[in-house]
$ cat final_30.csv   # CSV, C-alpha atoms
chain,number,residue,atom,x,y,z
A,776,MET,CA,-6.0,-109.5,94.6
A,777,LEU,CA,-4.4,-106.0,94.3
A,778,PHE,CA,-4.7,-105.6,98.1
A,779,ARG,CA,-3.0,-109.0,98.6
A,780,LYS,CA,-0.1,-108.0,96.3
A,781,SER,CA,0.5,-104.7,97.9
A,782,TYR,CA,0.3,-106.4,101.3
A,783,GLU,CA,3.0,-108.9,100.3
A,784,SER,CA,5.2,-106.1,98.9
A,785,LEU,CA,4.8,-104.1,102.1
A,786,SER,CA,5.6,-107.2,104.2
A,787,LYS,CA,8.8,-107.7,102.1
A,788,TRP,CA,9.8,-104.1,102.7
A,789,SER,CA,9.1,-104.2,106.4
A,790,THR,CA,11.2,-107.5,106.6
A,791,LEU,CA,14.0,-105.7,104.8
A,792,ILE,CA,13.9,-102.7,107.1
A,793,VAL,CA,13.8,-104.8,110.2
A,794,GLY,CA,16.7,-106.9,108.9
A,795,VAL,CA,18.7,-103.8,108.1
A,796,GLY,CA,17.9,-102.3,111.5
A,797,ILE,CA,19.1,-105.4,113.3
A,798,PHE,CA,22.2,-105.6,111.2
A,799,ALA,CA,22.9,-101.9,111.8
A,800,LEU,CA,22.5,-102.4,115.6
A,801,LEU,CA,24.8,-105.3,115.5
A,802,LEU,CA,27.4,-103.3,113.5
A,803,VAL,CA,27.1,-100.4,115.9
A,804,ALA,CA,27.6,-102.8,118.9
A,805,ILE,CA,30.7,-104.3,117.3
A,806,ILE,CA,32.2,-101.0,116.4
A,807,TRP,CA,31.6,-99.6,119.9
A,808,GLY,CA,33.0,-102.8,121.4
A,809,VAL,CA,36.1,-102.5,119.3
A,810,ARG,CA,36.5,-98.9,120.1
A,811,TYR,CA,36.0,-99.6,123.8
A,812,CYS,CA,38.6,-102.3,123.8
A,813,ARG,CA,41.1,-100.1,122.0
A,814,ASN,CA,40.6,-97.3,124.4
A,815,PHE,CA,40.6,-99.6,127.4
A,816,SER,CA,43.8,-101.2,126.3
A,817,ALA,CA,45.5,-98.0,125.4
A,818,SER,CA,47.9,-96.5,127.8
A,819,ASN,CA,45.4,-95.3,130.4
A,820,ASP,CA,46.0,-98.3,132.7
A,821,TRP,CA,49.7,-98.8,131.8
A,822,GLN,CA,52.1,-98.9,134.6
A,823,ILE,CA,55.8,-99.2,134.0
A,824,GLU,CA,58.0,-101.5,136.0
A,825,ASP,CA,59.9,-100.1,138.9
A,826,THR,CA,63.5,-100.0,137.6
A,827,ALA,CA,66.4,-98.3,139.2
A,828,LEU,CA,67.3,-94.7,138.4
A,829,LYS,CA,71.0,-94.5,137.7
A,830,LEU,CA,73.0,-91.4,138.3
A,831,GLU,CA,75.4,-91.3,135.3
A,832,SER,CA,77.2,-88.0,135.8
A,833,ILE,CA,77.4,-84.9,138.0
A,834,LYS,CA,78.7,-81.6,136.7
A,835,GLU,CA,79.3,-78.3,138.4
A,836,ILE,CA,78.0,-75.6,136.2
A,837,THR,CA,77.3,-71.9,136.4
A,838,GLU,CA,74.7,-70.7,134.0
A,839,LEU,CA,72.5,-67.7,134.4
A,840,CYS,CA,69.4,-67.9,132.3
A,841,THR,CA,67.8,-64.5,132.0
A,842,VAL,CA,65.3,-65.2,129.2
A,843,SER,CA,63.2,-68.2,128.4
A,844,PHE,CA,60.9,-68.8,125.5
A,845,ARG,CA,58.4,-71.6,125.0
A,846,ASP,CA,56.7,-72.6,121.8
A,847,GLU,CA,54.9,-75.5,120.2
A,848,VAL,CA,56.1,-76.8,116.9
A,849,ILE,CA,54.2,-78.9,114.4
A,850,ALA,CA,56.5,-81.4,112.8
A,851,ASP,CA,55.2,-83.5,110.0
A,852,THR,CA,56.5,-86.2,107.6
A,853,ILE,CA,54.6,-87.6,104.7
A,854,GLU,CA,55.4,-90.4,102.3
A,855,LYS,CA,53.2,-90.5,99.1
A,856,TYR,CA,52.5,-93.4,96.7
A,857,LYS,CA,54.7,-93.2,93.7
A,858,SER,CA,52.2,-94.7,91.2
A,859,MET,CA,48.5,-95.3,90.7
A,860,ASP,CA,49.1,-99.1,91.0
A,861,GLU,CA,50.9,-98.6,94.3
A,862,GLN,CA,48.1,-96.4,95.5
A,863,ILE,CA,45.4,-98.9,94.7
A,864,ASN,CA,47.3,-101.8,96.3
A,865,GLY,CA,48.3,-99.8,99.3
A,866,ASN,CA,44.7,-98.7,100.0
A,867,ILE,CA,43.5,-102.3,99.6
A,868,ASN,CA,46.2,-103.4,102.2
A,869,LYS,CA,45.1,-100.6,104.5
A,870,LEU,CA,41.6,-102.1,104.6
A,871,LYS,CA,43.0,-104.9,106.7
A,872,ASN,CA,43.8,-102.4,109.5
A,873,TYR,CA,40.9,-101.0,111.5
A,874,SER,CA,42.7,-97.7,112.2
A,875,GLN,CA,43.5,-97.1,108.5
A,876,TRP,CA,40.4,-98.1,106.7
A,877,LYS,CA,38.9,-94.6,106.7
A,878,ASP,CA,41.9,-93.5,104.6
A,879,ALA,CA,41.6,-96.6,102.5
A,880,VAL,CA,38.0,-96.0,101.6
A,881,LYS,CA,38.8,-92.5,100.6
A,882,GLY,CA,41.6,-93.8,98.3
A,883,SER,CA,44.2,-91.6,99.9
A,884,TYR,CA,47.4,-90.7,98.0
A,885,ILE,CA,49.3,-90.7,101.3
A,886,LYS,CA,51.2,-93.9,101.9
A,887,ARG,CA,52.0,-93.0,105.5
A,888,ARG,CA,52.2,-89.9,107.6
A,889,LEU,CA,53.5,-89.0,111.1
A,890,THR,CA,52.5,-85.6,112.6
A,891,MET,CA,53.7,-84.5,116.0
A,892,ILE,CA,53.1,-81.5,118.2
A,893,ILE,CA,56.3,-80.8,120.1
A,894,GLY,CA,56.4,-78.4,123.0
A,895,ALA,CA,59.9,-76.9,123.4
A,896,GLU,CA,61.5,-74.5,125.8
A,897,LEU,CA,64.5,-72.4,124.8
A,898,ARG,CA,66.7,-71.0,127.7
A,899,PHE,CA,68.9,-68.1,126.8
A,900,GLY,CA,71.5,-66.4,129.0
A,901,PHE,CA,75.1,-66.5,130.2
A,902,ASP,CA,77.5,-69.4,130.6
A,903,LEU,CA,79.6,-68.1,133.4
A,904,LYS,CA,81.8,-71.1,133.7
A,905,ASN,CA,82.9,-71.7,130.1
A,906,GLY,CA,82.7,-68.1,129.1
A,907,ILE,CA,84.3,-65.0,130.4
A,908,PHE,CA,83.2,-63.8,133.8
A,909,LYS,CA,85.4,-61.5,135.9
A,910,ILE,CA,84.9,-58.5,138.2
A,911,GLU,CA,87.6,-55.8,138.3
A,912,LYS,CA,87.8,-53.0,140.7
A,913,GLU,CA,88.6,-49.5,139.5
A,914,GLY,CA,88.8,-47.2,142.5
A,915,ASP,CA,85.2,-47.0,143.9
A,916,SER,CA,83.5,-48.7,141.0
A,917,SER,CA,83.5,-52.2,139.6
A,918,ILE,CA,83.5,-53.5,136.0
A,919,LEU,CA,81.9,-56.9,135.2
A,920,THR,CA,83.3,-58.4,132.0
A,921,ILE,CA,81.0,-61.2,130.7
A,922,SER,CA,80.6,-63.2,127.5
A,923,LYS,CA,77.7,-62.3,125.3
A,924,PRO,CA,74.5,-64.3,126.0
A,925,LYS,CA,73.8,-67.4,124.1
A,926,ILE,CA,71.3,-70.3,123.8
A,927,LEU,CA,71.9,-72.4,127.0
A,928,ASP,CA,69.4,-75.2,126.3
A,929,VAL,CA,66.5,-76.2,124.0
A,930,LEU,CA,64.4,-78.5,126.2
A,931,ILE,CA,62.2,-81.2,124.8
A,932,THR,CA,60.3,-83.6,127.0
A,933,PRO,CA,57.8,-86.4,126.2
A,934,SER,CA,55.2,-84.8,128.5
A,935,LYS,CA,55.1,-81.7,126.3
A,936,SER,CA,54.9,-83.7,123.0
A,937,SER,CA,52.1,-85.6,121.4
A,938,VAL,CA,51.5,-87.6,118.3
A,939,PHE,CA,48.7,-85.9,116.5
A,940,HIS,CA,48.4,-88.3,113.5
A,941,GLU,CA,50.1,-91.6,112.8
A,942,ASP,CA,49.2,-93.5,109.6
A,943,GLY,CA,51.4,-96.5,108.7
A,944,GLU,CA,54.4,-97.9,110.5
A,945,TRP,CA,57.1,-95.6,111.7
A,946,ASN,CA,60.4,-96.4,113.5
A,947,ASP,CA,62.0,-94.5,116.4
A,948,GLU,CA,64.3,-92.6,114.1
A,949,ALA,CA,61.4,-91.0,112.3
A,950,ARG,CA,60.2,-89.6,115.7
A,951,ARG,CA,63.7,-88.5,116.6
A,952,LYS,CA,64.0,-86.7,113.2
A,953,LEU,CA,60.8,-84.8,113.9
A,954,GLN,CA,62.0,-83.8,117.3
A,955,ARG,CA,65.3,-82.6,115.9
A,956,LYS,CA,63.4,-80.6,113.3
A,957,ALA,CA,61.4,-79.0,116.1
A,958,ILE,CA,64.6,-78.0,117.9
A,959,LYS,CA,66.1,-76.5,114.7
A,960,GLU,CA,62.9,-74.6,114.1
A,961,ILE,CA,62.6,-73.1,117.6
A,962,THR,CA,66.4,-72.2,117.5
A,963,ALA,CA,65.9,-70.5,114.1
A,964,TYR,CA,62.8,-68.6,115.4
A,965,SER,CA,64.6,-67.4,118.5
A,966,LYS,CA,67.1,-65.6,116.4
A,967,ARG,CA,64.4,-63.3,115.1
A,968,LEU,CA,63.2,-62.4,118.7
A,969,LYS,CA,66.2,-60.2,119.6
A,970,LEU,CA,66.8,-62.2,122.8
A,971,ASP,CA,70.3,-60.8,123.1
A,972,GLU,CA,69.0,-57.4,124.2
A,973,LYS,CA,66.4,-58.8,126.5
A,974,ALA,CA,68.9,-61.1,128.2
A,975,LYS,CA,71.4,-58.2,128.7
A,976,LYS,CA,68.6,-55.9,130.1
A,977,GLN,CA,67.5,-58.6,132.5
A,978,LEU,CA,71.1,-59.3,133.7
A,979,GLU,CA,71.6,-55.6,134.5
A,980,SER,CA,68.2,-55.6,136.4
A,981,LEU,CA,69.3,-58.6,138.4
A,982,LEU,CA,72.7,-57.1,139.2
A,983,SER,CA,71.1,-53.8,140.3
A,984,LYS,CA,69.1,-55.8,142.8
A,985,MET,CA,72.0,-57.8,144.1
A,986,ILE,CA,74.4,-54.9,144.3
A,987,LYS,CA,73.1,-52.1,146.5
A,988,ALA,CA,75.2,-49.4,144.7
A,989,PRO,CA,74.4,-50.0,141.0
A,990,ASN,CA,75.8,-46.6,139.9
A,991,LYS,CA,79.2,-47.8,140.8
A,992,PHE,CA,78.9,-50.8,138.6
A,993,SER,CA,79.1,-51.4,134.8
A,994,VAL,CA,78.9,-54.4,132.5
A,995,LYS,CA,81.1,-55.0,129.6
A,996,TYR,CA,80.1,-57.7,127.0
A,997,VAL,CA,82.8,-59.5,125.1
A,998,ASP,CA,82.7,-62.1,122.3
B,684,MET,CA,17.0,-106.6,96.6
B,685,HIS,CA,20.4,-107.9,97.8
B,686,MET,CA,22.2,-105.0,96.0
B,687,ARG,CA,19.9,-102.5,97.9
B,688,PHE,CA,20.6,-104.3,101.1
B,689,LEU,CA,24.4,-104.2,100.6
B,690,PHE,CA,24.2,-100.6,99.5
B,691,LEU,CA,22.4,-99.5,102.6
B,692,ILE,CA,24.8,-101.4,104.9
B,693,SER,CA,27.8,-99.9,103.2
B,694,LEU,CA,26.3,-96.5,103.5
B,695,PHE,CA,25.7,-97.0,107.2
B,696,ALA,CA,29.2,-98.3,107.8
B,697,LEU,CA,30.7,-95.4,105.9
B,698,THR,CA,28.7,-92.9,108.0
B,699,LEU,CA,29.9,-94.6,111.2
B,700,ALA,CA,33.4,-94.7,110.0
B,701,SER,CA,33.4,-91.0,109.2
B,702,CYS,CA,32.4,-90.1,112.8
B,703,SER,CA,35.6,-89.0,114.5
B,704,GLN,CA,36.3,-89.8,118.1
B,705,GLY,CA,35.7,-87.0,120.6
B,706,ILE,CA,38.6,-85.4,122.4
B,707,SER,CA,38.9,-87.0,125.7
B,708,GLU,CA,42.2,-85.6,126.9
B,709,GLU,CA,42.1,-82.8,129.4
B,710,GLU,CA,42.8,-79.5,127.7
B,711,LYS,CA,45.9,-77.8,129.0
B,712,VAL,CA,46.4,-74.1,129.0
B,713,ASP,CA,49.9,-72.9,128.4
B,714,ILE,CA,51.1,-69.4,127.6
B,715,TYR,CA,53.8,-69.3,125.0
B,716,GLN,CA,55.8,-66.1,125.3
B,717,ILE,CA,59.2,-64.7,126.0
B,718,GLN,CA,59.7,-64.6,129.8
B,719,THR,CA,62.4,-62.9,131.7
B,720,ALA,CA,64.1,-65.1,134.2
B,721,GLY,CA,67.0,-65.1,136.6
B,722,THR,CA,67.8,-68.7,137.3
B,723,LEU,CA,71.4,-69.5,138.3
B,724,SER,CA,72.0,-73.2,137.5
B,725,THR,CA,74.9,-74.6,139.5
B,726,THR,CA,74.5,-78.3,139.2
B,727,GLU,CA,73.9,-80.7,136.4
B,728,TYR,CA,72.9,-84.3,136.9
B,729,VAL,CA,72.5,-86.9,134.1
B,730,PHE,CA,70.1,-89.7,135.0
B,731,GLY,CA,69.7,-93.0,133.1
B,732,LYS,CA,66.7,-95.3,133.3
B,733,ILE,CA,65.4,-98.3,131.6
B,734,VAL,CA,61.7,-97.9,131.0
B,735,GLN,CA,60.1,-101.3,131.1
B,736,LEU,CA,56.5,-102.1,130.1
B,737,ASP,CA,54.7,-105.4,130.0
B,738,ASP,CA,51.4,-105.0,128.1
B,739,LYS,CA,49.2,-108.0,128.9
B,740,VAL,CA,45.4,-107.9,128.7
B,741,TRP,CA,43.0,-110.8,129.2
B,742,TYR,CA,40.9,-109.9,126.2
B,743,LYS,CA,43.7,-110.0,123.7
B,744,PHE,CA,45.6,-113.0,122.5
B,745,GLY,CA,49.3,-112.5,123.1
B,746,ASP,CA,51.3,-109.8,124.9
B,747,ARG,CA,53.7,-107.1,124.2
B,748,LYS,CA,56.9,-106.1,126.0
B,749,ILE,CA,59.2,-103.2,125.6
B,750,LEU,CA,62.4,-101.8,127.1
B,751,ILE,CA,63.4,-98.3,126.3
B,752,SER,CA,66.6,-96.7,127.6
B,753,VAL,CA,66.4,-93.0,128.4
B,754,LYS,CA,68.6,-90.3,129.7
B,755,ALA,CA,67.5,-87.1,131.5
B,756,LYS,CA,69.7,-84.0,131.9
B,757,VAL,CA,68.5,-82.1,135.0
B,758,LYS,CA,69.9,-78.7,136.1
B,759,ALA,CA,69.3,-77.3,139.6
B,760,GLY,CA,70.0,-73.9,141.0
B,761,ILE,CA,68.5,-70.8,142.6
B,762,ASP,CA,66.1,-68.2,141.2
B,763,LEU,CA,67.9,-64.9,141.6
B,764,SER,CA,64.8,-63.0,140.5
B,765,LYS,CA,63.2,-64.0,143.8
B,766,ILE,CA,65.8,-61.9,145.7
B,767,SER,CA,64.5,-58.5,146.9
B,768,SER,CA,66.5,-55.6,148.3
B,769,ASP,CA,65.4,-56.7,151.8
B,770,ASP,CA,67.3,-60.0,151.3
B,771,ILE,CA,70.6,-58.2,151.2
B,772,GLU,CA,72.0,-56.5,154.3
B,773,VAL,CA,75.2,-54.5,154.1
B,774,GLU,CA,77.2,-53.4,157.1
B,775,GLY,CA,80.5,-51.8,156.0
B,776,ASN,CA,82.5,-54.6,154.6
B,777,LYS,CA,80.1,-57.3,155.7
B,778,ILE,CA,77.2,-58.5,153.6
B,779,THR,CA,74.5,-61.0,154.5
B,780,VAL,CA,72.5,-62.5,151.6
B,781,HIS,CA,69.3,-64.4,151.9
B,782,LEU,CA,69.0,-66.7,148.9
B,783,PRO,CA,65.9,-68.6,147.8
B,784,PHE,CA,66.0,-72.4,148.3
B,785,PRO,CA,67.4,-74.3,145.4
B,786,GLU,CA,65.0,-75.8,142.8
B,787,ILE,CA,65.0,-77.8,139.6
B,788,VAL,CA,65.7,-75.3,136.9
B,789,SER,CA,65.5,-77.5,133.8
B,790,PHE,CA,64.6,-81.0,132.8
B,791,ASP,CA,65.6,-82.3,129.4
B,792,MET,CA,65.2,-85.7,127.7
B,793,ASP,CA,67.3,-85.5,124.6
B,794,PRO,CA,65.6,-87.6,121.8
B,795,ASN,CA,69.0,-88.7,120.6
B,796,PHE,CA,69.5,-90.6,123.9
B,797,ILE,CA,66.2,-92.4,123.8
B,798,ARG,CA,66.6,-95.9,122.4
B,799,THR,CA,64.3,-98.9,122.2
B,800,LYS,CA,66.5,-101.8,123.5
B,801,MET,CA,64.0,-104.6,123.1
B,802,GLU,CA,60.5,-105.0,121.8
B,803,ASP,CA,58.7,-108.3,121.8
B,804,VAL,CA,55.2,-108.9,120.3
B,805,SER,CA,53.5,-112.2,120.5
B,806,GLY,CA,50.1,-113.7,119.4
B,807,LEU,CA,47.8,-111.5,117.5
B,808,ARG,CA,49.1,-108.3,119.0
B,809,GLU,CA,50.5,-105.4,116.9
B,810,GLY,CA,53.8,-103.7,117.5
B,811,PHE,CA,54.0,-100.5,119.6
B,812,THR,CA,53.1,-97.4,117.6
B,813,GLN,CA,55.0,-94.1,118.0
B,814,GLU,CA,52.0,-92.7,119.9
B,815,GLU,CA,52.2,-95.6,122.4
B,816,LYS,CA,55.9,-95.3,122.7
B,817,LEU,CA,55.5,-91.6,123.5
B,818,LYS,CA,53.0,-92.5,126.2
B,819,ILE,CA,55.5,-95.0,127.7
B,820,LEU,CA,58.2,-92.2,127.6
B,821,GLN,CA,55.8,-89.9,129.4
B,822,LEU,CA,55.4,-92.5,132.2
B,823,GLY,CA,59.2,-92.8,132.3
B,824,GLU,CA,59.5,-89.0,132.6
B,825,GLN,CA,57.0,-88.9,135.5
B,826,SER,CA,59.0,-91.7,137.2
B,827,ILE,CA,62.4,-89.9,136.8
B,828,ARG,CA,60.9,-86.6,138.0
B,829,LYS,CA,59.6,-88.3,141.1
B,830,GLU,CA,62.7,-90.4,141.9
B,831,MET,CA,65.3,-87.7,141.2
B,832,MET,CA,64.1,-85.7,144.2
B,833,SER,CA,65.6,-88.3,146.5
B,834,SER,CA,69.1,-87.6,145.0
B,835,GLN,CA,71.5,-85.0,146.2
B,836,ILE,CA,70.9,-82.6,143.4
B,837,LEU,CA,69.3,-79.8,145.5
B,838,HIS,CA,71.9,-80.2,148.2
B,839,ASP,CA,74.7,-79.9,145.6
B,840,ALA,CA,73.0,-77.0,143.9
B,841,LYS,CA,72.8,-75.2,147.3
B,842,LYS,CA,76.5,-75.8,148.0
B,843,ASN,CA,77.6,-74.6,144.6
B,844,ALA,CA,75.3,-71.6,144.6
B,845,SER,CA,76.7,-70.5,147.9
B,846,VAL,CA,80.3,-70.8,146.6
B,847,PHE,CA,79.4,-68.7,143.5
B,848,VAL,CA,77.6,-66.0,145.4
B,849,ARG,CA,80.3,-65.8,148.1
B,850,ASN,CA,83.0,-65.4,145.4
B,851,PHE,CA,80.9,-62.8,143.6
B,852,TYR,CA,80.6,-60.6,146.6
B,853,HIS,CA,84.2,-61.2,147.6
B,854,ASP,CA,85.3,-60.0,144.1
B,855,LEU,CA,83.2,-56.9,144.7
B,856,GLY,CA,85.3,-56.1,147.8
B,857,PHE,CA,83.3,-57.5,150.7
B,858,ASN,CA,85.5,-59.1,153.4
B,859,SER,CA,82.8,-61.0,155.1
B,860,VAL,CA,80.0,-62.8,153.2
B,861,GLU,CA,77.2,-64.6,155.1
B,862,ILE,CA,74.8,-66.7,153.0
B,863,LYS,CA,71.5,-67.8,154.3
B,864,PHE,CA,69.0,-69.9,152.5
B,865,ASN,CA,65.3,-69.1,152.9
B,866,ASP,CA,64.5,-72.5,154.4
B,867,ASN,CA,65.4,-71.0,157.8
B,868,GLU,CA,67.5,-74.0,158.8
B,869,ASP,CA,70.8,-73.9,157.0
B,870,VAL,CA,73.1,-71.0,157.5
B,871,ILE,CA,76.3,-71.2,155.6
B,872,GLN,CA,78.9,-68.8,156.8
B,873,LYS,CA,82.4,-68.1,155.9
B,874,LYS,CA,84.5,-65.2,156.9
B,875,LEU,CA,87.0,-64.3,154.3

$ encode --input "final_30.csv" --output "structure tokens"
Amino acid sequence: MLFRKSYESLSKWSTLIVGVGIFALLLVAIIWGVRYCRNFSASNDWQIEDTALKLESIKEITELCTVSFRDEVIADTIEKYKSMDEQINGNINKLKNYSQWKDAVKGSYIKRRLTMIIGAELRFGFDLKNGIFKIEKEGDSSILTISKPKILDVLITPSKSSVFHEDGEWNDEARRKLQRKAIKEITAYSKRLKLDEKAKKQLESLLSKMIKAPNKFSVKYVD
Amino acid sequence: MHMRFLFLISLFALTLASCSQGISEEEKVDIYQIQTAGTLSTTEYVFGKIVQLDDKVWYKFGDRKILISVKAKVKAGIDLSKISSDDIEVEGNKITVHLPFPEIVSFDMDPNFIRTKMEDVSGLREGFTQEEKLKILQLGEQSIRKEMMSSQILHDAKKNASVFVRNFYHDLGFNSVEIKFNDNEDVIQKKL
């Protein structure tokens, strides 16, 4: 009798374990299937249509870049829930979206978040067309008068940028704001790097290569 | 019994959910530092393009379409740091300069000139995320970089660079300036 009872109990347990096992396998298959489809659909196979490249303007410029600096900036924007009610409702709503349900289960206090890693290049040097650039002869020697160096460009391209984290819906202006923030940050950082001195030194080194009598040549920097 | 069953399933699902996806992207190595340069930009072209994508897949109900207008500012010129003392020959008042061949010096896609002109989502599809839009822009950038090479940008850069260098040496007191580009074909000469 006792043996029969324990056999029945064991049989129930084994049925439960097998059931859970099958369910788990199905769940894994579904999750893998969803992930495969998401990865498959995402971008890897995208091909943009062949549209014409339009030349909008041509400008003659004369800029001598003598120093360049590259950096990666992390730009982040977060919107938090304002109340507990909003947080609970928000997290329940997030459960509807596959990509957000990890945050929803955690009961995150973050309503939405966008984090980007933005690669930027700062080019520093001399604008010879819009600034002052003249060569004067004084007997055997020459004097080059040139405007002080400045930031020529802060370059940002999509290929050097990536979205690290995106939670919630964001419009294009949010992305642009982060990119502008990155430009501001790298510009501010460059001011601490004493690029002025480096740019001047490099200009003089270039001139000494281009002019075979560097002793007869001097550079005057003006504002 | 049912509670135990549900608990086990929830636990399993949570464990799966917490597993993060592996990094599949190829790692890129880049050195971030201050670099000395010597690029003389002489020409600036602004290109415009409509980046158009039609995202249709057989296993999803509905499709997505997007049109993004972009502008790229491209500067071309010569790299003066490639000039060595052997590239400059002086004979009295005559100077011969061998300049490196023009190249693309900078490429910029100002975020302020990137605009989504049209976005259409149908069926059960979701709108484009910012991550997806950035990927579309990356494709647009690749396309511009490839197509711009068939424009006259390098030719103009070459012409403007030779004018600048010639004037520079003329101001230094040379009467005759000969400019050669290192592509061994084109010799631009002007006796002053």

$ closest_residue --input "final_30.csv" --among "A:Ile836, A:Lys956, A:Ser883, A:Gly914" --to "Asp902 (chain A)" --atoms "all atoms listed in the file"
A:Ile836

$ interface_residues --input "final_30.csv" --of "chain A" --to "chain B" --cutoff "7 Å" --atoms "all atoms listed in the file" --output "MDAnalysis selection string"
chainID A and resid 818 823:824 826:846 877 910 917 930:934 938 945 951 954 977 981 984

$ residues_around --input "final_30.csv" --residues "Glu809 (chain B)" --least-positions-apart "5" --cutoff "12 Å" --atoms "all atoms listed in the file" --output "list in words"
Arg813, Asn872, Tyr873, Ser874 and Glu944 of chain A; Asp738, Lys743, Phe744, Gly745, Asp746, Arg747, Lys748, Glu802, Asp803, Val804 and Glu815 of chain B

$ atom_distance --input "final_30.csv" --atom1 "CA of Glu774 (chain B)" --atom2 "CA of His838 (chain B)"
28.7 Å

$ atom_distance --input "final_30.csv" --atom1 "CA of Lys863 (chain B)" --atom2 "CA of Lys987 (chain A)"
17.6 Å

$ atom_distance --input "final_30.csv" --atom1 "CA of Leu807 (chain B)" --atom2 "CA of Trp741 (chain B)"
12.7 Å

$ residues_around --input "final_30.csv" --residues "Asn865 (chain B)" --least-positions-apart "4" --cutoff "6 Å" --atoms "all atoms listed in the file" --output "PyMOL selection string"
chain B and resi 782-784

$ residues_around --input "final_30.csv" --residues "Gly943 (chain A)" --least-positions-apart "3" --cutoff "9 Å" --atoms "only C-alpha atoms" --output "PyMOL selection string"
chain A and resi 869+875+886-889

$ residues_around --input "final_30.csv" --residues "Phe908 (chain A)" --least-positions-apart "5" --cutoff "7 Å" --atoms "all atoms listed in the file" --output "list in words"
Leu903, Thr920, Ile921 and Ser922 of chain A

$ write_last_selection --input "final_30.csv" --atoms "C-alpha atoms" --output "PDB file, in the frame of the given file"
ATOM      1  CA  LEU A 903      79.600 -68.100 133.400  1.00  0.00           C
ATOM      2  CA  THR A 920      83.300 -58.400 132.000  1.00  0.00           C
ATOM      3  CA  ILE A 921      81.000 -61.200 130.700  1.00  0.00           C
ATOM      4  CA  SER A 922      80.600 -63.200 127.500  1.00  0.00           C
TER       5      SER A 922
END

$ decode --input "final_30.csv" --residues "region 755-769 of chain B" --atoms "N, CA and C atoms" --output "tab-separated table (two decimals), in the first residue's frame"
chain	number	residue	atom	x	y	z
B	755	ALA	N	26.07	66.15	-47.00
B	755	ALA	CA	27.43	65.84	-46.59
B	755	ALA	C	28.37	66.94	-47.08
B	756	LYS	N	29.16	67.47	-46.16
B	756	LYS	CA	30.13	68.51	-46.54
B	756	LYS	C	31.50	67.83	-46.67
B	757	VAL	N	32.05	67.89	-47.86
B	757	VAL	CA	33.30	67.18	-48.12
B	757	VAL	C	34.39	68.18	-48.52
B	758	LYS	N	35.55	68.04	-47.90
B	758	LYS	CA	36.66	68.93	-48.26
B	758	LYS	C	37.78	68.09	-48.86
B	759	ALA	N	38.39	68.64	-49.91
B	759	ALA	CA	39.50	67.92	-50.53
B	759	ALA	C	40.69	68.85	-50.65
B	760	GLY	N	41.85	68.26	-50.67
B	760	GLY	CA	43.06	69.08	-50.77
B	760	GLY	C	44.28	68.20	-50.81
B	761	ILE	N	45.41	68.78	-50.43
B	761	ILE	CA	46.66	68.01	-50.47
B	761	ILE	C	47.28	67.93	-49.07
B	762	ASP	N	48.02	66.87	-48.86
B	762	ASP	CA	48.66	66.68	-47.57
B	762	ASP	C	50.10	67.18	-47.65
B	763	LEU	N	50.31	68.38	-47.11
B	763	LEU	CA	51.64	69.00	-47.20
B	763	LEU	C	52.68	68.25	-46.36
B	764	SER	N	52.20	67.51	-45.37
B	764	SER	CA	53.17	66.79	-44.52
B	764	SER	C	53.86	65.65	-45.29
B	765	LYS	N	53.34	65.33	-46.47
B	765	LYS	CA	53.96	64.27	-47.29
B	765	LYS	C	55.11	64.82	-48.14
B	766	ILE	N	55.25	66.15	-48.13
B	766	ILE	CA	56.33	66.74	-48.94
B	766	ILE	C	57.65	66.59	-48.20
B	767	SER	N	58.64	66.11	-48.92
B	767	SER	CA	59.98	66.02	-48.32
B	767	SER	C	60.88	67.04	-49.01
B	768	SER	N	62.08	67.23	-48.49
B	768	SER	CA	62.97	68.24	-49.08
B	768	SER	C	63.35	67.87	-50.52
B	769	ASP	N	63.28	66.57	-50.84
B	769	ASP	CA	63.59	66.14	-52.22
B	769	ASP	C	62.53	66.58	-53.22
